[in-house]
file model-v7.pdb (PDB, C-alpha atoms)
MODEL        1
ATOM      1  CA  MET K 418      27.816  88.465 -66.900
ATOM      2  CA  SER K 419      28.240  89.295 -63.234
ATOM      3  CA  VAL K 420      29.689  86.435 -61.191
ATOM      4  CA  ALA K 421      29.887  88.028 -57.733
ATOM      5  CA  PRO K 422      29.094  87.154 -55.069
ATOM      6  CA  GLY K 423      27.765  83.677 -55.922
ATOM      7  CA  ARG K 424      30.031  80.771 -56.727
ATOM      8  CA  LEU K 425      29.686  77.082 -57.534
ATOM      9  CA  ARG K 426      33.090  75.436 -57.234
ATOM     10  CA  PRO K 427      33.239  72.098 -59.061
ATOM     11  CA  ARG K 428      35.173  69.093 -57.874
ATOM     12  CA  GLU K 429      36.238  66.224 -60.098
ATOM     13  CA  ARG K 430      33.514  64.570 -62.165
ATOM     14  CA  ILE K 431      32.853  61.023 -60.875
ATOM     15  CA  GLU K 432      32.259  58.245 -63.397
ATOM     16  CA  LEU K 433      29.339  56.166 -62.126
ATOM     17  CA  GLY K 434      29.203  53.496 -64.793
ATOM     18  CA  ASP K 435      25.429  53.954 -64.770
ATOM     19  CA  TYR K 436      22.834  56.588 -65.725
ATOM     20  CA  PRO K 437      21.982  58.759 -62.667
ATOM     21  CA  LEU K 438      18.182  58.994 -62.458
ATOM     22  CA  ASP K 439      17.803  60.106 -58.845
ATOM     23  CA  ALA K 440      19.946  60.843 -55.797
ATOM     24  CA  ALA K 441      19.500  61.562 -52.090
ATOM     25  CA  TRP K 442      21.863  63.005 -49.481
ATOM     26  CA  SER K 443      22.394  61.651 -45.995
ATOM     27  CA  GLY K 444      21.360  64.043 -43.236
ATOM     28  CA  ASP K 445      24.960  64.934 -42.379
ATOM     29  CA  GLY K 446      25.876  65.590 -46.020
ATOM     30  CA  ARG K 447      28.740  63.098 -45.946
ATOM     31  CA  SER K 448      27.169  60.446 -48.196
ATOM     32  CA  LEU K 449      25.001  60.287 -51.288
ATOM     33  CA  VAL K 450      22.968  57.386 -52.661
ATOM     34  CA  VAL K 451      22.413  57.356 -56.429
ATOM     35  CA  ALA K 452      19.741  55.538 -58.434
ATOM     36  CA  GLY K 453      21.212  54.034 -61.585
ATOM     37  CA  GLY K 454      18.996  53.738 -64.618
ATOM     38  CA  GLU K 455      20.682  50.462 -65.539
ATOM     39  CA  GLY K 456      19.922  48.963 -62.130
ATOM     40  CA  GLY K 457      22.729  49.880 -59.746
ATOM     41  CA  VAL K 458      22.223  51.344 -56.266
ATOM     42  CA  LEU K 459      25.422  53.331 -55.689
ATOM     43  CA  LEU K 460      26.794  54.853 -52.479
ATOM     44  CA  LEU K 461      29.241  57.779 -52.655
ATOM     45  CA  SER K 462      31.319  59.481 -50.011
ATOM     46  CA  ALA K 463      31.235  63.258 -50.415
ATOM     47  CA  THR K 464      34.340  63.754 -48.291
ATOM     48  CA  ALA K 465      36.756  60.844 -48.823
ATOM     49  CA  GLY K 466      37.220  61.072 -52.589
ATOM     50  CA  GLU K 467      36.455  57.371 -53.002
ATOM     51  CA  LEU K 468      35.007  55.664 -56.065
ATOM     52  CA  PRO K 469      31.241  55.038 -56.035
ATOM     53  CA  ARG K 470      30.378  51.793 -54.262
ATOM     54  CA  PRO K 471      27.758  49.483 -55.820
ATOM     55  CA  ILE K 472      25.713  48.126 -52.918
ATOM     56  CA  GLY K 473      22.743  46.495 -54.651
ATOM     57  CA  ARG K 474      20.586  46.239 -57.753
ATOM     58  CA  HIS K 475      17.050  46.557 -59.043
ATOM     59  CA  GLU K 476      16.604  44.488 -62.191
ATOM     60  CA  GLY K 477      15.553  46.671 -65.095
ATOM     61  CA  GLY K 478      16.663  49.903 -63.441
ATOM     62  CA  VAL K 479      16.324  51.960 -60.273
ATOM     63  CA  LEU K 480      13.454  54.465 -60.252
ATOM     64  CA  ALA K 481      13.796  56.470 -57.040
ATOM     65  CA  VAL K 482      15.767  56.867 -53.812
ATOM     66  CA  ALA K 483      15.040  58.731 -50.561
ATOM     67  CA  TRP K 484      17.023  59.234 -47.324
ATOM     68  CA  GLN K 485      15.843  60.143 -43.824
ATOM     69  CA  SER K 486      16.536  63.782 -42.979
ATOM     70  CA  ALA K 487      18.433  62.666 -39.861
ATOM     71  CA  GLY K 488      19.055  58.945 -39.685
ATOM     72  CA  ARG K 489      20.719  55.903 -41.176
ATOM     73  CA  LEU K 490      17.805  54.626 -43.296
ATOM     74  CA  PHE K 491      17.293  55.167 -46.989
ATOM     75  CA  ALA K 492      14.970  53.557 -49.530
ATOM     76  CA  SER K 493      15.172  52.542 -53.177
ATOM     77  CA  SER K 494      12.628  51.331 -55.724
ATOM     78  CA  GLY K 495      12.990  49.799 -59.155
ATOM     79  CA  GLN K 496      11.425  48.406 -62.287
ATOM     80  CA  ASP K 497      11.466  44.985 -60.618
ATOM     81  CA  GLY K 498       8.458  46.171 -58.561
ATOM     82  CA  ILE K 499      10.440  45.995 -55.305
ATOM     83  CA  VAL K 500      10.955  48.678 -52.648
ATOM     84  CA  LEU K 501      14.015  48.183 -50.433
ATOM     85  CA  LEU K 502      14.657  49.757 -47.026
ATOM     86  CA  TRP K 503      18.401  50.121 -46.436
ATOM     87  CA  ASP K 504      20.503  50.463 -43.282
ATOM     88  CA  ALA K 505      23.388  52.749 -44.269
ATOM     89  CA  ARG K 506      25.623  51.468 -41.479
ATOM     90  CA  ALA K 507      25.257  47.757 -42.154
ATOM     91  CA  LEU K 508      24.572  48.242 -45.895
ATOM     92  CA  GLU K 509      21.787  45.701 -45.608
ATOM     93  CA  ALA K 510      18.491  45.954 -47.459
ATOM     94  CA  THR K 511      15.055  44.635 -46.508
ATOM     95  CA  PRO K 512      12.322  44.252 -49.146
ATOM     96  CA  ILE K 513       9.214  46.014 -47.816
ATOM     97  CA  HIS K 514       7.028  45.924 -50.947
ATOM     98  CA  ARG K 515       6.719  43.729 -54.022
ATOM     99  CA  GLY K 516       4.250  44.220 -56.845
ATOM    100  CA  LYS K 517       3.677  44.275 -60.586
ATOM    101  CA  GLU K 518       3.411  48.066 -60.721
ATOM    102  CA  TRP K 519       6.398  50.363 -60.313
ATOM    103  CA  SER K 520       6.803  52.425 -57.145
ATOM    104  CA  GLU K 521       8.042  55.679 -58.667
ATOM    105  CA  GLN K 522       7.501  57.977 -55.663
ATOM    106  CA  LEU K 523       9.379  57.704 -52.341
ATOM    107  CA  ALA K 524       9.379  60.305 -49.554
ATOM    108  CA  PHE K 525      10.386  60.209 -45.891
ATOM    109  CA  ALA K 526       8.486  62.334 -43.382
ATOM    110  CA  ASP K 527      10.527  65.191 -41.899
ATOM    111  CA  ASN K 528      10.926  63.313 -38.617
ATOM    112  CA  GLY K 529      11.983  60.164 -40.490
ATOM    113  CA  ARG K 530       9.423  57.931 -38.800
ATOM    114  CA  LEU K 531       7.342  57.194 -41.896
ATOM    115  CA  LEU K 532       8.193  56.386 -45.505
ATOM    116  CA  ALA K 533       5.572  57.174 -48.144
ATOM    117  CA  VAL K 534       5.536  54.943 -51.229
ATOM    118  CA  GLY K 535       3.501  55.839 -54.301
ATOM    119  CA  THR K 536       2.760  52.846 -56.542
ATOM    120  CA  GLY K 537       0.492  53.631 -59.465
ATOM    121  CA  ARG K 538      -2.726  54.934 -57.873
ATOM    122  CA  THR K 539      -1.853  53.608 -54.396
ATOM    123  CA  LEU K 540      -0.214  55.396 -51.453
ATOM    124  CA  GLN K 541       1.187  53.359 -48.552
ATOM    125  CA  LEU K 542       2.988  54.428 -45.386
ATOM    126  CA  PHE K 543       5.726  52.257 -43.834
ATOM    127  CA  ASP K 544       7.407  52.587 -40.427
ATOM    128  CA  GLN K 545      11.149  52.443 -39.714
ATOM    129  CA  GLN K 546      11.004  48.663 -39.354
ATOM    130  CA  GLY K 547       9.485  48.331 -42.820
ATOM    131  CA  ALA K 548       5.987  47.412 -41.643
ATOM    132  CA  VAL K 549       2.948  48.821 -43.464
ATOM    133  CA  ARG K 550       1.226  51.361 -41.241
ATOM    134  CA  HIS K 551      -1.583  52.173 -43.657
ATOM    135  CA  ARG K 552      -2.732  51.842 -47.257
ATOM    136  CA  PHE K 553      -5.001  54.681 -48.320
ATOM    137  CA  THR K 554      -7.905  54.402 -50.740
ATOM    138  CA  ASP K 555      -6.642  54.420 -54.303
ATOM    139  CA  HIS K 556      -6.460  57.687 -56.217
ATOM    140  CA  ALA K 557      -8.431  58.221 -59.414
ATOM    141  CA  GLY K 558      -5.207  58.271 -61.447
ATOM    142  CA  ALA K 559      -1.527  57.519 -61.042
ATOM    143  CA  ILE K 560       0.302  59.483 -58.357
ATOM    144  CA  ALA K 561       2.712  61.911 -60.043
ATOM    145  CA  ALA K 562       4.335  63.512 -56.990
ATOM    146  CA  LEU K 563       4.478  63.311 -53.186
ATOM    147  CA  ALA K 564       5.301  66.072 -50.692
ATOM    148  CA  TRP K 565       5.162  65.971 -46.882
ATOM    149  CA  ARG K 566       3.611  69.116 -45.450
ATOM    150  CA  PRO K 567       6.099  71.086 -43.305
ATOM    151  CA  LYS K 568       5.380  71.226 -39.573
ATOM    152  CA  SER K 569       2.696  68.585 -40.022
ATOM    153  CA  ALA K 570       2.105  64.829 -40.268
ATOM    154  CA  GLN K 571       0.210  65.265 -43.546
ATOM    155  CA  ILE K 572       1.357  64.269 -47.016
ATOM    156  CA  ALA K 573       0.105  65.586 -50.344
ATOM    157  CA  ALA K 574      -0.205  63.363 -53.402
ATOM    158  CA  THR K 575      -0.884  64.957 -56.787
ATOM    159  CA  GLY K 576      -1.864  63.497 -60.133
ATOM    160  CA  ASN K 577      -4.585  63.569 -62.759
ATOM    161  CA  GLY K 578      -7.582  65.397 -61.306
ATOM    162  CA  GLY K 579      -5.953  67.360 -58.503
ATOM    163  CA  MET K 580      -4.460  66.841 -55.065
ATOM    164  CA  ARG K 581      -5.292  64.602 -52.129
ATOM    165  CA  LEU K 582      -4.059  65.369 -48.600
ATOM    166  CA  HIS K 583      -3.545  62.373 -46.306
ATOM    167  CA  ARG K 584      -2.841  61.968 -42.622
ATOM    168  CA  LEU K 585      -2.340  58.879 -40.451
ATOM    169  CA  GLU K 586      -2.807  60.254 -36.936
ATOM    170  CA  PRO K 587      -4.831  60.580 -34.804
ATOM    171  CA  HIS K 588      -6.704  58.414 -37.339
ATOM    172  CA  PRO K 589      -6.313  57.811 -41.099
ATOM    173  CA  GLU K 590      -7.977  60.589 -43.061
ATOM    174  CA  SER K 591      -7.887  61.896 -46.643
ATOM    175  CA  SER K 592      -9.174  65.165 -48.113
ATOM    176  CA  ASP K 593      -9.656  65.766 -51.835
ATOM    177  CA  TYR K 594      -8.743  69.007 -53.598
ATOM    178  CA  PRO K 595     -10.010  68.410 -57.147
ATOM    179  CA  TRP K 596      -8.828  70.341 -60.173
ATOM    180  CA  ARG K 597      -9.192  69.757 -63.882
ATOM    181  CA  GLY K 598      -6.184  68.443 -65.723
ATOM    182  CA  ALA K 599      -3.013  66.639 -64.709
ATOM    183  CA  CYS K 600      -0.774  67.776 -61.869
ATOM    184  CA  LEU K 601       2.895  66.915 -62.465
ATOM    185  CA  THR K 602       4.617  68.281 -59.330
ATOM    186  CA  ALA K 603       3.948  68.996 -55.640
ATOM    187  CA  SER K 604       5.805  71.703 -53.685
ATOM    188  CA  TRP K 605       4.905  73.160 -50.257
ATOM    189  CA  ASN K 606       5.956  76.635 -49.210
ATOM    190  CA  ALA K 607       8.042  76.962 -46.050
ATOM    191  CA  ASP K 608       5.200  77.286 -43.532
ATOM    192  CA  GLY K 609       3.076  74.558 -45.125
ATOM    193  CA  ARG K 610       0.168  76.826 -45.952
ATOM    194  CA  VAL K 611       0.325  76.676 -49.761
ATOM    195  CA  LEU K 612       0.953  73.767 -52.132
ATOM    196  CA  ALA K 613       1.993  74.496 -55.712
ATOM    197  CA  ALA K 614       1.484  71.996 -58.520
ATOM    198  CA  GLY K 615       2.912  72.324 -62.008
ATOM    199  CA  MET K 616       0.284  71.407 -64.578
ATOM    200  CA  GLN K 617       0.271  69.625 -67.927
ATOM    201  CA  ASP K 618      -1.583  72.588 -69.464
ATOM    202  CA  GLY K 619       1.218  75.092 -68.772
ATOM    203  CA  SER K 620      -0.118  76.645 -65.574
ATOM    204  CA  VAL K 621       0.735  76.413 -61.875
ATOM    205  CA  HIS K 622      -2.125  75.676 -59.489
ATOM    206  CA  LEU K 623      -2.016  76.850 -55.886
ATOM    207  CA  TRP K 624      -3.968  75.404 -52.977
ATOM    208  CA  ASN K 625      -3.941  77.530 -49.827
ATOM    209  CA  VAL K 626      -4.831  74.684 -47.479
ATOM    210  CA  ALA K 627      -4.769  76.984 -44.460
ATOM    211  CA  SER K 628      -7.478  79.316 -45.818
ATOM    212  CA  GLY K 629      -9.305  76.830 -48.022
ATOM    213  CA  THR K 630      -8.790  78.940 -51.156
ATOM    214  CA  GLU K 631      -7.082  78.177 -54.465
ATOM    215  CA  SER K 632      -5.783  80.102 -57.446
ATOM    216  CA  GLU K 633      -4.011  79.629 -60.747
ATOM    217  CA  LEU K 634      -0.877  81.137 -62.262
ATOM    218  CA  PRO K 635      -1.369  80.839 -66.042
ATOM    219  CA  GLY K 636       0.696  81.756 -69.037
ATOM    220  CA  LEU K 637       3.565  79.299 -69.323
ATOM    221  CA  ARG K 638       4.009  77.995 -72.829
ATOM    222  CA  ALA K 639       4.696  74.331 -72.057
ATOM    223  CA  LYS K 640       3.936  71.739 -69.398
ATOM    224  CA  VAL K 641       5.354  72.665 -66.000
ATOM    225  CA  PHE K 642       7.519  69.717 -65.007
ATOM    226  CA  ALA K 643       9.421  71.334 -62.096
ATOM    227  CA  THR K 644       8.443  73.685 -59.259
ATOM    228  CA  GLY K 645      10.154  74.815 -56.068
ATOM    229  CA  TRP K 646       9.906  77.383 -53.267
ATOM    230  CA  SER K 647      12.700  79.420 -51.755
ATOM    231  CA  ALA K 648      13.549  78.551 -48.149
ATOM    232  CA  ASN K 649      11.699  81.586 -46.778
ATOM    233  CA  GLY K 650       8.602  80.872 -48.884
ATOM    234  CA  ARG K 651       8.783  84.228 -50.666
ATOM    235  CA  PHE K 652       9.615  82.993 -54.172
ATOM    236  CA  LEU K 653       8.092  80.239 -56.278
ATOM    237  CA  ALA K 654      10.016  79.028 -59.332
ATOM    238  CA  ALA K 655       8.689  76.937 -62.217
ATOM    239  CA  ALA K 656      10.299  75.454 -65.319
ATOM    240  CA  ALA K 657       8.405  74.971 -68.580
ATOM    241  CA  GLY K 658      10.266  74.407 -71.824
ATOM    242  CA  ASN K 659      13.257  76.764 -71.823
ATOM    243  CA  ALA K 660      11.439  79.266 -69.599
ATOM    244  CA  LEU K 661      12.365  79.751 -65.948
ATOM    245  CA  VAL K 662       9.623  81.792 -64.270
ATOM    246  CA  VAL K 663       9.615  83.175 -60.717
ATOM    247  CA  TRP K 664       6.771  84.710 -58.696
ATOM    248  CA  ASP K 665       7.288  86.963 -55.661
ATOM    249  CA  PHE K 666       4.790  86.265 -52.856
ATOM    250  CA  SER K 667       6.021  88.935 -50.457
ATOM    251  CA  GLY K 668       2.642  90.695 -50.700
ATOM    252  CA  LYS K 669      -0.738  89.477 -49.532
ATOM    253  CA  GLY K 670      -2.197  86.627 -51.547
ATOM    254  CA  THR K 671      -1.650  86.013 -55.247
ATOM    255  CA  ASP K 672      -3.550  89.009 -56.645
ATOM    256  CA  GLY K 673      -1.170  91.264 -58.476
ATOM    257  CA  THR K 674       1.680  88.790 -58.238
ATOM    258  CA  ARG K 675       3.890  89.383 -61.252
ATOM    259  CA  ALA K 676       5.756  86.652 -63.066
ATOM    260  CA  ILE K 677       9.414  87.319 -63.852
ATOM    261  CA  GLU K 678      10.920  85.242 -66.647
ATOM    262  CA  LEU K 679      14.650  84.631 -66.271
ATOM    263  CA  GLN K 680      16.084  84.261 -69.750
ATOM    264  CA  ALA K 681      19.413  82.516 -70.065
ATOM    265  CA  HIS K 682      18.749  78.965 -71.266
ATOM    266  CA  SER K 683      18.424  78.366 -75.012
ATOM    267  CA  GLU K 684      16.971  74.843 -74.733
ATOM    268  CA  ARG K 685      14.551  72.941 -72.502
ATOM    269  CA  ILE K 686      15.280  73.162 -68.772
ATOM    270  CA  THR K 687      15.740  69.710 -67.257
ATOM    271  CA  ALA K 688      16.138  70.504 -63.534
ATOM    272  CA  LEU K 689      15.944  73.258 -60.934
ATOM    273  CA  ALA K 690      16.591  73.414 -57.194
ATOM    274  CA  PHE K 691      16.518  76.072 -54.495
ATOM    275  CA  ARG K 692      19.296  76.081 -51.917
ATOM    276  CA  PRO K 693      17.886  75.027 -48.496
ATOM    277  CA  SER K 694      18.708  78.489 -47.124
ATOM    278  CA  GLY K 695      18.430  81.921 -48.697
ATOM    279  CA  SER K 696      17.062  82.596 -52.178
ATOM    280  CA  TRP K 697      19.743  80.998 -54.362
ATOM    281  CA  LEU K 698      18.420  78.886 -57.244
ATOM    282  CA  VAL K 699      20.233  76.578 -59.664
ATOM    283  CA  SER K 700      18.914  75.527 -63.059
ATOM    284  CA  ALA K 701      20.182  73.247 -65.809
ATOM    285  CA  ALA K 702      19.014  72.677 -69.371
ATOM    286  CA  ARG K 703      19.681  70.757 -72.562
ATOM    287  CA  ASP K 704      22.015  73.572 -73.587
ATOM    288  CA  ARG K 705      24.286  71.926 -70.957
ATOM    289  CA  ARG K 706      24.485  75.127 -68.934
ATOM    290  CA  LEU K 707      24.350  75.045 -65.125
ATOM    291  CA  LEU K 708      23.320  78.464 -63.798
ATOM    292  CA  LEU K 709      23.243  79.982 -60.315
ATOM    293  CA  TRP K 710      20.647  82.695 -59.676
ATOM    294  CA  ARG K 711      20.151  85.085 -56.767
ATOM    295  CA  ILE K 712      16.392  85.450 -56.861
ATOM    296  CA  GLY K 713      15.082  88.849 -55.826
ATOM    297  CA  ALA K 714      18.441  90.568 -56.215
ATOM    298  CA  ALA K 715      19.322  90.106 -59.890
ATOM    299  CA  ASN K 716      17.702  88.849 -63.059
ATOM    300  CA  GLU K 717      20.993  87.605 -64.489
ATOM    301  CA  PRO K 718      22.895  84.442 -63.512
ATOM    302  CA  GLN K 719      25.525  84.948 -60.831
ATOM    303  CA  ASP K 720      27.604  81.968 -61.958
ATOM    304  CA  ALA K 721      27.618  79.606 -64.948
ATOM    305  CA  HIS K 722      29.215  76.269 -65.793
ATOM    306  CA  LEU K 723      29.204  74.154 -68.938
ATOM    307  CA  LEU K 724      28.314  70.511 -68.290
ATOM    308  CA  SER K 725      29.749  67.566 -70.231
ATOM    309  CA  ASP K 726      26.251  66.242 -71.054
ATOM    310  CA  ASP K 727      22.551  66.862 -70.360
ATOM    311  CA  CYS K 728      21.746  67.285 -66.675
ATOM    312  CA  THR K 729      19.620  64.495 -65.156
ATOM    313  CA  LEU K 730      19.396  65.722 -61.547
ATOM    314  CA  LEU K 731      20.243  68.551 -59.145
ATOM    315  CA  ARG K 732      20.375  67.798 -55.403
ATOM    316  CA  PHE K 733      21.537  70.124 -52.633
ATOM    317  CA  SER K 734      22.827  68.661 -49.384
ATOM    318  CA  ARG K 735      20.562  69.522 -46.469
ATOM    319  CA  ASP K 736      22.863  72.288 -45.232
ATOM    320  CA  GLY K 737      23.193  73.703 -48.747
ATOM    321  CA  THR K 738      27.002  73.577 -48.843
ATOM    322  CA  ARG K 739      27.183  70.935 -51.596
ATOM    323  CA  LEU K 740      25.357  70.390 -54.853
ATOM    324  CA  ALA K 741      25.244  67.069 -56.727
ATOM    325  CA  VAL K 742      24.801  67.326 -60.498
ATOM    326  CA  GLY K 743      24.134  64.154 -62.488
ATOM    327  CA  ASP K 744      24.582  63.970 -66.243
ATOM    328  CA  ALA K 745      23.373  61.720 -69.048
ATOM    329  CA  GLY K 746      26.915  60.594 -69.791
ATOM    330  CA  GLY K 747      26.927  58.535 -66.593
ATOM    331  CA  GLY K 748      28.744  61.030 -64.412
ATOM    332  CA  LEU K 749      28.124  63.006 -61.241
ATOM    333  CA  THR K 750      29.897  66.198 -60.204
ATOM    334  CA  LEU K 751      29.900  67.621 -56.684
ATOM    335  CA  TYR K 752      30.011  71.399 -56.373
ATOM    336  CA  ASP K 753      30.899  73.362 -53.259
ATOM    337  CA  CYS K 754      28.287  76.081 -52.938
ATOM    338  CA  ALA K 755      29.468  79.328 -51.366
ATOM    339  CA  PRO K 756      27.015  82.115 -52.190
TER     340      PRO K 756
ENDMDL
END
call {"tool": "encode", "arguments": {"input": "model-v7.pdb", "output": "structure tokens"}}
result
Amino acid sequence: MSVAPGRLRPRERIELGDYPLDAAWSGDGRSLVVAGGEGGVLLLSATAGELPRPIGRHEGGVLAVAWQSAGRLFASSGQDGIVLLWDARALEATPIHRGKEWSEQLAFADNGRLLAVGTGRTLQLFDQQGAVRHRFTDHAGAIAALAWRPKSAQIAATGNGGMRLHRLEPHPESSDYPWRGACLTASWNADGRVLAAGMQDGSVHLWNVASGTESELPGLRAKVFATGWSANGRFLAAAAGNALVVWDFSGKGTDGTRAIELQAHSERITALAFRPSGSWLVSAARDRRLLLWRIGAANEPQDAHLLSDDCTLLRFSRDGTRLAVGDAGGGLTLYDCAP
């Protein structure tokens, strides 16, 4: 196996004392908030080598966390039906939503001014003070994924029956993009023209919102639970079962686009993530292998590491220099990424 030039350099594995379900980096890459499946909201320093700091709890378990791209605010949600808005400096939390249903989807707009909260079939937008700016008309089914459109104030919400595109300004507006079956993911390409959704039926559906067209990438052998675009928008990756499939969109449109299956995992892939710059991709699976790929240059992993347990999450810092890897044994390892 070739290991040059890419490298993931692991630091010490951090014992969290909780199951890491989700994580989000601060904009400067110095801190990381972790959602604990047993209820803990944990704050880690990526530079000081300190133990994780429990700063709060959601009874029953934390479901999701999100951090402003450049700011001190982050959010958490839990099985207690509460959404908290946190000030990272004061470490104070304000409840901004309470309900019987779980809020499983959290996403800050790129400019950090709005927080989107998906609760069952309902999408709400909150401002930086925690006030509700708008509640959109309920979706036909539960919201499975949220994604803010790059270079835009629009947000996509996918679920059973397709995608809905929402905007708040200059006035609240929603546009439906129906499709048969259940969408499981939502991923915009770099220029915000195309949204990809992994489907329950083993396909990837593409909406070219800019042109008003749509297409389908069929042929995966299991439900597509993870999708992601490279930073330049050229490559789209999808995980289904133990298959990692990549499409090259350097040509015009999707006609003739050939799927390349990268074969290295022997068991179901549990996470994938593109580095925020370049075309480096990481994947992890139940075979406990963490692999680094250089998409477009080689079809073999450029680096490999054996994890202590199943991977639960992969999160790059915003500058791409660090990678957080959570595992089912209650640990989190930070890797320095130097491709």
call {"tool": "residues_around", "arguments": {"input": "model-v7.pdb", "residues": "Leu724 (chain K)", "least_positions_apart": "5", "cutoff": "9 Å", "atoms": "all atoms listed in the file", "output": "NGL selection string"}}
result
:K and (701 or 704-707 or 744)
call {"tool": "write_last_selection", "arguments": {"input": "model-v7.pdb", "atoms": "C-alpha atoms", "output": "mmCIF file, keeping the file's coordinate frame"}}
result
data_model
loop_
_atom_site.group_PDB
_atom_site.id
_atom_site.type_symbol
_atom_site.label_atom_id
_atom_site.label_comp_id
_atom_site.auth_asym_id
_atom_site.auth_seq_id
_atom_site.Cartn_x
_atom_site.Cartn_y
_atom_site.Cartn_z
ATOM 1 C CA ALA K 701 20.182 73.247 -65.809
ATOM 2 C CA ASP K 704 22.015 73.572 -73.587
ATOM 3 C CA ARG K 705 24.286 71.926 -70.957
ATOM 4 C CA ARG K 706 24.485 75.127 -68.934
ATOM 5 C CA LEU K 707 24.350 75.045 -65.125
ATOM 6 C CA ASP K 744 24.582 63.970 -66.243
#
call {"tool": "closest_atom_pairs", "arguments": {"input": "model-v7.pdb", "of": "region 583-627 of chain K", "to": "region 653-657 of chain K", "cutoff": "9 Å", "atoms": "all atoms listed in the file", "output": "Markdown table"}}
result
| residue | atom | partner | partner_atom | distance |
| --- | --- | --- | --- | --- |
| K:Asn606 | CA | K:Leu653 | CA | 8.2 |
| K:Ala613 | CA | K:Leu653 | CA | 8.4 |
| K:Gly615 | CA | K:Ala655 | CA | 7.4 |
| K:Gly619 | CA | K:Ala657 | CA | 7.2 |
| K:Val621 | CA | K:Ala655 | CA | 8.0 |
call {"tool": "atom_distance", "arguments": {"input": "model-v7.pdb", "atom1": "CA of Trp605 (chain K)", "atom2": "CA of Arg538 (chain K)"}}
result
21.2 Å
call {"tool": "atom_distance", "arguments": {"input": "model-v7.pdb", "atom1": "CA of Arg424 (chain K)", "atom2": "CA of Leu709 (chain K)"}}
result
7.7 Å
call {"tool": "closest_atom_pairs", "arguments": {"input": "model-v7.pdb", "of": "region 631-686 of chain K", "to": "region 555-572 of chain K", "cutoff": "12 Å", "atoms": "all atoms listed in the file", "output": "CSV"}}
result
residue,atom,partner,partner_atom,distance
K:Phe642,CA,K:Ala561,CA,10.4
K:Ala643,CA,K:Ala562,CA,10.6
K:Thr644,CA,K:Ala562,CA,11.2
K:Gly645,CA,K:Ala564,CA,11.4
K:Ala648,CA,K:Pro567,CA,11.6
K:Gly650,CA,K:Pro567,CA,11.5
call {"tool": "atom_distance", "arguments": {"input": "model-v7.pdb", "atom1": "CA of Leu459 (chain K)", "atom2": "CA of Pro471 (chain K)"}}
result
4.5 Å
call {"tool": "resolve_selection", "arguments": {"input": "model-v7.pdb", "expression": "the PyMOL selection byres ((chain K and resi 429) around 9)", "output": "VMD selection string"}}
result
chain K and resid 427 to 428 430 to 431 749 to 752
call {"tool": "residues_around", "arguments": {"input": "model-v7.pdb", "residues": "region 515-523 of chain K", "least_positions_apart": "3", "cutoff": "9 Å", "atoms": "all atoms listed in the file", "output": "list in words"}}
result
Leu480, Ala481, Val482, Ala483, Ala492, Ser493, Ser494, Gly495, Gln496, Asp497, Gly498, Ile499, Val500, Pro512, Leu532, Ala533, Val534, Gly535, Thr536, Gly537, Ile560, Ala561, Ala562 and Leu563 of chain K
call {"tool": "closest_residue", "arguments": {"input": "model-v7.pdb", "among": "K:Ala452, K:Cys600, K:Ala463, K:Leu679", "to": "Thr738 (chain K)", "atoms": "all atoms listed in the file"}}
result
K:Ala463
call {"tool": "build_atoms", "arguments": {"input": "model-v7.pdb", "residues": "region 519-526 of chain K", "atoms": "N, CA, C and O atoms", "output": "tab-separated table (two decimals), in the frame of the given file"}}
result
chain	number	residue	atom	x	y	z
K	519	TRP	N	5.21	49.67	-60.80
K	519	TRP	CA	6.40	50.36	-60.31
K	519	TRP	C	6.04	51.33	-59.18
K	519	TRP	O	5.01	52.01	-59.22
K	520	SER	N	6.92	51.42	-58.21
K	520	SER	CA	6.80	52.42	-57.14
K	520	SER	C	7.75	53.57	-57.50
K	520	SER	O	8.94	53.52	-57.21
K	521	GLU	N	7.21	54.60	-58.13
K	521	GLU	CA	8.04	55.68	-58.67
K	521	GLU	C	8.20	56.85	-57.71
K	521	GLU	O	9.01	57.76	-57.97
K	522	GLN	N	7.45	56.86	-56.59
K	522	GLN	CA	7.50	57.98	-55.66
K	522	GLN	C	7.86	57.48	-54.27
K	522	GLN	O	7.17	56.62	-53.71
K	523	LEU	N	8.94	58.01	-53.70
K	523	LEU	CA	9.38	57.70	-52.34
K	523	LEU	C	9.61	59.01	-51.60
K	523	LEU	O	10.21	59.94	-52.14
K	524	ALA	N	9.17	59.08	-50.33
K	524	ALA	CA	9.38	60.30	-49.55
K	524	ALA	C	9.31	59.98	-48.06
K	524	ALA	O	8.32	59.44	-47.58
K	525	PHE	N	10.38	60.34	-47.34
K	525	PHE	CA	10.39	60.21	-45.89
K	525	PHE	C	9.75	61.44	-45.26
K	525	PHE	O	9.96	62.58	-45.73
K	526	ALA	N	8.99	61.22	-44.18
K	526	ALA	CA	8.49	62.33	-43.38
K	526	ALA	C	9.66	63.10	-42.78
K	526	ALA	O	10.76	62.55	-42.62
